[in-house]
$ cat upload37.txt   # compact mmCIF, C-alpha atoms
# COMPACT_ATOMS: atom_id res chain seq x y z
CA MET A 284 39.33 -31.54 -29.67
CA ALA A 285 40.86 -32.76 -26.42
CA LEU A 286 39.08 -33.70 -23.22
CA ILE A 287 41.18 -32.75 -20.22
CA LEU A 288 40.61 -34.06 -16.70
CA GLY A 289 42.02 -31.90 -13.92
CA ILE A 290 42.50 -33.36 -10.44
CA ASP A 291 42.96 -31.68 -7.06
CA PRO A 292 44.02 -34.62 -4.86
CA GLY A 293 43.14 -35.05 -1.21
CA SER A 294 42.58 -37.99 1.14
CA ARG A 295 39.28 -36.56 2.45
CA LYS A 296 38.08 -34.74 -0.68
CA THR A 297 39.42 -35.04 -4.21
CA GLY A 298 38.15 -32.52 -6.73
CA TYR A 299 37.86 -33.28 -10.43
CA GLY A 300 37.01 -31.14 -13.42
CA VAL A 301 36.55 -32.02 -17.07
CA ILE A 302 36.91 -29.48 -19.86
CA ALA A 303 36.97 -29.70 -23.64
CA GLN A 304 39.62 -27.78 -25.54
CA GLU A 305 39.47 -27.04 -29.23
CA GLY A 306 42.32 -24.70 -30.09
CA ARG A 307 41.94 -21.78 -27.69
CA VAL A 308 38.24 -22.45 -27.08
CA LEU A 309 37.48 -24.04 -23.71
CA ARG A 310 34.19 -25.59 -22.67
CA TYR A 311 33.10 -26.82 -19.24
CA LEU A 312 31.82 -30.41 -19.20
CA ALA A 313 31.67 -31.55 -15.58
CA SER A 314 33.14 -31.23 -12.11
CA GLY A 315 32.66 -32.65 -8.68
CA VAL A 316 34.25 -34.16 -5.62
CA ILE A 317 35.06 -37.72 -4.60
CA ARG A 318 34.37 -37.97 -0.86
CA PRO A 319 35.46 -41.15 0.90
CA PRO A 320 33.37 -41.89 4.02
CA LEU A 321 34.90 -40.15 7.05
CA GLY A 322 34.78 -43.31 9.16
CA ASP A 323 36.99 -45.27 6.75
CA ASP A 324 40.62 -45.88 7.59
CA LEU A 325 43.29 -44.64 5.19
CA CYS A 326 43.32 -47.84 3.11
CA GLY A 327 39.54 -47.66 2.75
CA ARG A 328 39.70 -44.01 1.66
CA LEU A 329 42.43 -44.78 -0.87
CA GLY A 330 40.29 -47.59 -2.31
CA VAL A 331 37.32 -45.22 -2.66
CA LEU A 332 39.55 -42.66 -4.42
CA PHE A 333 40.89 -45.31 -6.82
CA ASP A 334 37.41 -46.65 -7.62
CA GLY A 335 35.92 -43.17 -7.90
CA MET A 336 38.61 -42.07 -10.33
CA ARG A 337 38.10 -45.19 -12.46
CA GLN A 338 34.37 -44.39 -12.66
CA ILE A 339 35.11 -40.80 -13.73
CA LEU A 340 37.54 -42.07 -16.38
CA MET A 341 34.95 -44.49 -17.75
CA GLN A 342 32.19 -41.87 -17.75
CA TYR A 343 34.07 -38.97 -19.39
CA GLN A 344 36.88 -40.79 -21.25
CA PRO A 345 39.41 -37.93 -21.14
CA ASP A 346 42.31 -37.77 -23.57
CA GLU A 347 44.74 -36.24 -21.06
CA CYS A 348 44.93 -35.68 -17.33
CA ALA A 349 46.58 -33.08 -15.15
CA ILE A 350 47.08 -33.37 -11.41
CA GLU A 351 48.37 -31.02 -8.75
CA LYS A 352 51.74 -31.89 -7.23
CA VAL A 353 52.19 -32.45 -3.51
CA PHE A 354 53.58 -29.48 -1.68
CA MET A 355 55.30 -29.60 1.68
CA ALA A 356 53.73 -27.15 4.09
CA LYS A 357 54.24 -27.36 7.84
CA ASN A 358 52.95 -30.86 8.52
CA ALA A 359 55.03 -33.71 7.06
CA ALA A 360 52.45 -36.35 8.09
CA SER A 361 49.74 -34.54 6.09
CA ALA A 362 52.04 -34.35 3.07
CA LEU A 363 52.65 -38.12 3.28
CA VAL A 364 48.92 -38.88 3.41
CA LEU A 365 48.33 -36.54 0.47
CA GLY A 366 51.10 -38.36 -1.41
CA GLN A 367 49.35 -41.67 -0.78
CA ALA A 368 46.05 -40.24 -2.08
CA ARG A 369 47.85 -38.97 -5.17
CA GLY A 370 49.34 -42.44 -5.60
CA ALA A 371 45.90 -44.08 -5.62
CA LEU A 372 44.68 -41.55 -8.18
CA LEU A 373 47.80 -41.89 -10.34
CA ALA A 374 47.41 -45.69 -10.25
CA ALA A 375 43.90 -45.34 -11.70
CA LEU A 376 45.23 -43.00 -14.41
CA ALA A 377 48.11 -45.37 -15.20
CA ASP A 378 45.67 -48.28 -15.38
CA ALA A 379 43.75 -46.33 -18.04
CA ARG A 380 47.01 -45.61 -19.91
CA LEU A 381 46.41 -41.86 -19.94
CA PRO A 382 49.09 -39.21 -20.28
CA VAL A 383 49.42 -37.28 -17.03
CA ALA A 384 50.88 -33.81 -16.51
CA GLU A 385 51.76 -32.58 -13.02
CA TYR A 386 51.64 -28.94 -11.95
CA GLU A 387 52.69 -27.17 -8.79
CA THR A 388 49.94 -25.28 -6.95
CA ARG A 389 51.70 -21.98 -7.57
CA LYS A 390 51.85 -22.57 -11.33
CA VAL A 391 48.15 -23.47 -11.46
CA LYS A 392 47.19 -20.30 -9.59
CA GLN A 393 49.45 -18.21 -11.78
CA ALA A 394 47.99 -19.69 -14.98
CA VAL A 395 44.41 -19.03 -13.90
CA THR A 396 44.61 -15.79 -11.92
CA GLY A 397 47.95 -14.28 -12.92
CA GLN A 398 49.20 -14.57 -9.33
CA GLY A 399 50.97 -17.57 -7.86
CA ASN A 400 49.78 -16.65 -4.36
CA ALA A 401 46.07 -16.21 -5.19
CA ASP A 402 43.58 -17.36 -2.59
CA LYS A 403 40.86 -19.94 -3.15
CA VAL A 404 38.13 -17.34 -3.71
CA GLN A 405 40.15 -15.71 -6.50
CA VAL A 406 40.69 -19.11 -8.13
CA GLN A 407 36.95 -19.88 -7.93
CA GLN A 408 36.03 -16.52 -9.46
CA MET A 409 38.49 -16.85 -12.33
CA VAL A 410 37.43 -20.44 -13.07
CA GLN A 411 33.81 -19.25 -13.16
CA SER A 412 34.75 -16.39 -15.49
CA LEU A 413 37.06 -18.34 -17.82
CA LEU A 414 34.58 -21.19 -18.28
CA ARG A 415 31.55 -18.86 -18.32
CA LEU A 416 29.79 -20.74 -15.52
CA SER A 417 26.50 -19.43 -14.12
CA GLY A 418 27.62 -20.05 -10.53
CA SER A 419 30.79 -20.54 -8.56
CA PRO A 420 31.96 -24.17 -8.46
CA GLN A 421 32.64 -25.69 -5.06
CA GLU A 422 36.17 -25.17 -3.78
CA ASP A 423 37.78 -28.54 -4.58
CA ALA A 424 36.06 -28.78 -7.97
CA ALA A 425 37.19 -25.23 -8.81
CA ASP A 426 40.77 -26.17 -7.93
CA ALA A 427 40.56 -29.22 -10.21
CA LEU A 428 39.12 -27.12 -13.04
CA ALA A 429 42.01 -24.69 -12.50
CA VAL A 430 44.46 -27.57 -12.94
CA ALA A 431 42.70 -28.51 -16.20
CA LEU A 432 42.81 -24.87 -17.36
CA CYS A 433 46.52 -24.67 -16.55
CA HIS A 434 47.12 -27.77 -18.65
CA ALA A 435 45.04 -26.39 -21.51
CA GLN A 436 47.12 -23.20 -21.42
CA THR A 437 50.32 -25.27 -21.48
CA ARG A 438 49.02 -27.24 -24.48
CA CYS A 439 48.37 -23.97 -26.35
CA TYR A 440 51.90 -22.79 -25.59
CA ILE A 441 53.42 -26.03 -26.82
CA ALA A 442 51.34 -25.94 -30.01
CA ALA A 443 52.20 -22.28 -30.66
CA THR A 444 55.94 -22.70 -30.15
CA GLY A 445 56.35 -26.15 -31.61
CA LEU A 446 58.66 -27.04 -28.74
CA GLY A 447 58.66 -30.42 -27.09
CA VAL A 448 58.32 -29.21 -23.53
CA ASP A 449 59.31 -31.68 -20.88
CA ARG A 450 59.72 -29.74 -17.62
CA PHE A 451 59.72 -26.45 -15.79
CA ARG A 452 62.98 -24.63 -15.11
CA ARG A 453 63.05 -21.47 -12.99
CA GLY A 454 59.29 -21.11 -13.31
CA ARG A 455 59.30 -21.44 -17.10
CA LEU A 456 58.55 -24.30 -19.46
CA SER A 457 61.72 -25.91 -20.73
CA SER A 458 62.47 -28.20 -23.65
CA GLY A 459 65.48 -29.61 -21.84
CA VAL A 460 67.81 -28.15 -24.49
CA ALA A 461 70.36 -25.66 -23.16
CA PRO A 462 70.04 -22.18 -24.69
$ encode --input "upload37.txt" --output "structure tokens"
Amino acid sequence: MALILGIDPGSRKTGYGVIAQEGRVLRYLASGVIRPPLGDDLCGRLGVLFDGMRQILMQYQPDECAIEKVFMAKNAASALVLGQARGALLAALADARLPVAEYETRKVKQAVTGQGNADKVQVQQMVQSLLRLSGSPQEDAADALAVALCHAQTRCYIAATGLGVDRFRRGRLSSGVAP
């Protein structure tokens, strides 16, 4: 059995979700949001994210982690701040010596809903359905659970094919060996 921690990074709200995977069987364990105080400056928020992630790691002791990659939308400044938040979270994961997988938003949505351009409501509904939750998880927690589900799906693929997958190429998992 593997405990997988999924992370949806953000400087104002960082979602996390913990699932257990045994073969193809998935079980919800926990989810929530780390919310740095709004009045804190960026350094203060990054410190809260780092400390909050360390507490989550100590409490749930995951075997593997998966985090959403930064995407560049319209605002470069926002992307830089998001990158700094990711850095604080990745530092906490590195400190715990955990393996970390990174997934693009589009790949996470595709893994969970079947569509890379799914909206947040669709992601929430599919996370609720796949994990057999009684209610819909809050938005950031649902996104983090979706990242964990995407990683669980990737783990199943790797186990089924026996390939050592090390990256994505043209939207597909790749072993790095030319066909």
$ closest_residue --input "upload37.txt" --among "A:Ala371, A:Cys326, A:Cys439, A:Cys348" --to "Gly289 in chain A" --atoms "only C-alpha atoms"
A:Cys348
$ closest_residue --input "upload37.txt" --among "A:Tyr311, A:Gln367, A:Ala375, A:Ala431" --to "Asp291 in chain A" --atoms "all atoms listed in the file"
A:Ala431
$ atom_distance --input "upload37.txt" --atom1 "CA of Tyr343 in chain A" --atom2 "CA of Leu428 in chain A"
14.4 Å
$ atom_distance --input "upload37.txt" --atom1 "CA of Val410 in chain A" --atom2 "CA of Ala425 in chain A"
6.4 Å
$ closest_residue --input "upload37.txt" --among "A:Leu363, A:Ala379, A:Leu432, A:Gln393" --to "Leu413 in chain A" --atoms "only C-alpha atoms"
A:Leu432
$ residues_around --input "upload37.txt" --residues "Val316 in chain A" --least-positions-apart "5" --cutoff "9 Å" --atoms "all atoms listed in the file" --output "ChimeraX atom specification"
/A:296-300,421,423-424
$ write_last_selection --input "upload37.txt" --atoms "C-alpha atoms" --output "PDB file, in the frame of the given file"
ATOM      1  CA  LYS A 296      38.080 -34.740  -0.680  1.00  0.00           C
ATOM      2  CA  THR A 297      39.420 -35.040  -4.210  1.00  0.00           C
ATOM      3  CA  GLY A 298      38.150 -32.520  -6.730  1.00  0.00           C
ATOM      4  CA  TYR A 299      37.860 -33.280 -10.430  1.00  0.00           C
ATOM      5  CA  GLY A 300      37.010 -31.140 -13.420  1.00  0.00           C
ATOM      6  CA  GLN A 421      32.640 -25.690  -5.060  1.00  0.00           C
ATOM      7  CA  ASP A 423      37.780 -28.540  -4.580  1.00  0.00           C
ATOM      8  CA  ALA A 424      36.060 -28.780  -7.970  1.00  0.00           C
TER       9      ALA A 424
END
$ closest_residue --input "upload37.txt" --among "A:Leu365, A:Lys392, A:Arg318, A:Arg415" --to "Asp334 in chain A" --atoms "all atoms listed in the file"
A:Arg318
$ closest_residue --input "upload37.txt" --among "A:Arg438, A:Lys390, A:Arg337, A:Lys357" --to "Leu376 in chain A" --atoms "only C-alpha atoms"
A:Arg337
$ closest_residue --input "upload37.txt" --among "A:Val353, A:Val301, A:Arg328, A:Arg307" --to "Leu340 in chain A" --atoms "all atoms listed in the file"
A:Val301
$ atom_distance --input "upload37.txt" --atom1 "CA of Val430 in chain A" --atom2 "CA of Thr388 in chain A"
8.4 Å
$ residues_around --input "upload37.txt" --residues "Leu321 in chain A" --least-positions-apart "2" --cutoff "8 Å" --atoms "only C-alpha atoms" --output "MDAnalysis selection string"
chainID A and resid 295 319 323
$ residues_around --input "upload37.txt" --residues "Gly306 in chain A" --least-positions-apart "5" --cutoff "12 Å" --atoms "only C-alpha atoms" --output "PyMOL selection string"
chain A and resi 284-286+435-443
$ residues_around --input "upload37.txt" --residues "Gln405 in chain A" --least-positions-apart "3" --cutoff "12 Å" --atoms "only C-alpha atoms" --output "list of chain:residue names"
A:Lys392, A:Gln393, A:Val395, A:Thr396, A:Gly397, A:Gln398, A:Gly399, A:Asn400, A:Ala401, A:Asp402, A:Gln408, A:Met409, A:Val410, A:Gln411, A:Ser412, A:Ser419, A:Pro420, A:Glu422, A:Ala425, A:Asp426, A:Ala429
$ build_atoms --input "upload37.txt" --residues "range 412-435 of chain A" --atoms "N, CA and C atoms" --output "short mmCIF file (atom, residue, chain, number, x, y, z; two decimals), keeping the file's coordinate frame"
data_model
loop_
_atom_site.label_atom_id
_atom_site.label_comp_id
_atom_site.auth_asym_id
_atom_site.auth_seq_id
_atom_site.Cartn_x
_atom_site.Cartn_y
_atom_site.Cartn_z
N SER A 412 34.68 -17.35 -14.38
CA SER A 412 34.75 -16.39 -15.49
C SER A 412 35.31 -17.04 -16.76
N LEU A 413 36.42 -17.75 -16.65
CA LEU A 413 37.06 -18.34 -17.82
C LEU A 413 36.19 -19.40 -18.51
N LEU A 414 35.43 -20.13 -17.71
CA LEU A 414 34.58 -21.19 -18.28
C LEU A 414 33.13 -20.73 -18.45
N ARG A 415 32.88 -19.45 -18.16
CA ARG A 415 31.55 -18.86 -18.32
C ARG A 415 30.47 -19.69 -17.61
N LEU A 416 30.73 -19.97 -16.33
CA LEU A 416 29.79 -20.74 -15.52
C LEU A 416 28.77 -19.80 -14.90
N SER A 417 27.55 -20.28 -14.71
CA SER A 417 26.50 -19.43 -14.12
C SER A 417 26.71 -19.22 -12.62
N GLY A 418 27.36 -20.16 -11.96
CA GLY A 418 27.62 -20.05 -10.53
C GLY A 418 29.05 -20.45 -10.22
N SER A 419 29.44 -20.20 -8.99
CA SER A 419 30.79 -20.54 -8.56
C SER A 419 30.87 -22.03 -8.22
N PRO A 420 31.83 -22.75 -8.80
CA PRO A 420 31.96 -24.17 -8.46
C PRO A 420 32.46 -24.33 -7.03
N GLN A 421 32.16 -25.47 -6.41
CA GLN A 421 32.64 -25.69 -5.06
C GLN A 421 34.16 -25.71 -5.07
N GLU A 422 34.74 -25.44 -3.91
CA GLU A 422 36.17 -25.17 -3.78
C GLU A 422 37.07 -26.23 -4.42
N ASP A 423 36.89 -27.49 -4.07
CA ASP A 423 37.78 -28.54 -4.58
C ASP A 423 37.58 -28.76 -6.07
N ALA A 424 36.34 -28.65 -6.54
CA ALA A 424 36.06 -28.78 -7.97
C ALA A 424 36.66 -27.61 -8.74
N ALA A 425 36.60 -26.41 -8.17
CA ALA A 425 37.19 -25.23 -8.81
C ALA A 425 38.70 -25.40 -8.92
N ASP A 426 39.33 -25.93 -7.89
CA ASP A 426 40.77 -26.17 -7.93
C ASP A 426 41.12 -27.18 -9.03
N ALA A 427 40.32 -28.22 -9.17
CA ALA A 427 40.56 -29.22 -10.21
C ALA A 427 40.36 -28.62 -11.60
N LEU A 428 39.33 -27.80 -11.76
CA LEU A 428 39.12 -27.12 -13.04
C LEU A 428 40.29 -26.19 -13.34
N ALA A 429 40.84 -25.55 -12.31
CA ALA A 429 42.01 -24.69 -12.50
C ALA A 429 43.20 -25.50 -12.99
N VAL A 430 43.37 -26.69 -12.48
CA VAL A 430 44.46 -27.57 -12.94
C VAL A 430 44.25 -27.91 -14.42
N ALA A 431 43.01 -28.21 -14.80
CA ALA A 431 42.70 -28.51 -16.20
C ALA A 431 42.95 -27.29 -17.08
N LEU A 432 42.57 -26.10 -16.61
CA LEU A 432 42.81 -24.87 -17.36
C LEU A 432 44.30 -24.59 -17.53
N CYS A 433 45.07 -24.83 -16.48
CA CYS A 433 46.52 -24.67 -16.55
C CYS A 433 47.11 -25.59 -17.62
N HIS A 434 46.63 -26.82 -17.66
CA HIS A 434 47.12 -27.77 -18.65
C HIS A 434 46.71 -27.34 -20.06
N ALA A 435 45.49 -26.85 -20.21
CA ALA A 435 45.04 -26.39 -21.51
C ALA A 435 45.92 -25.23 -21.99
#
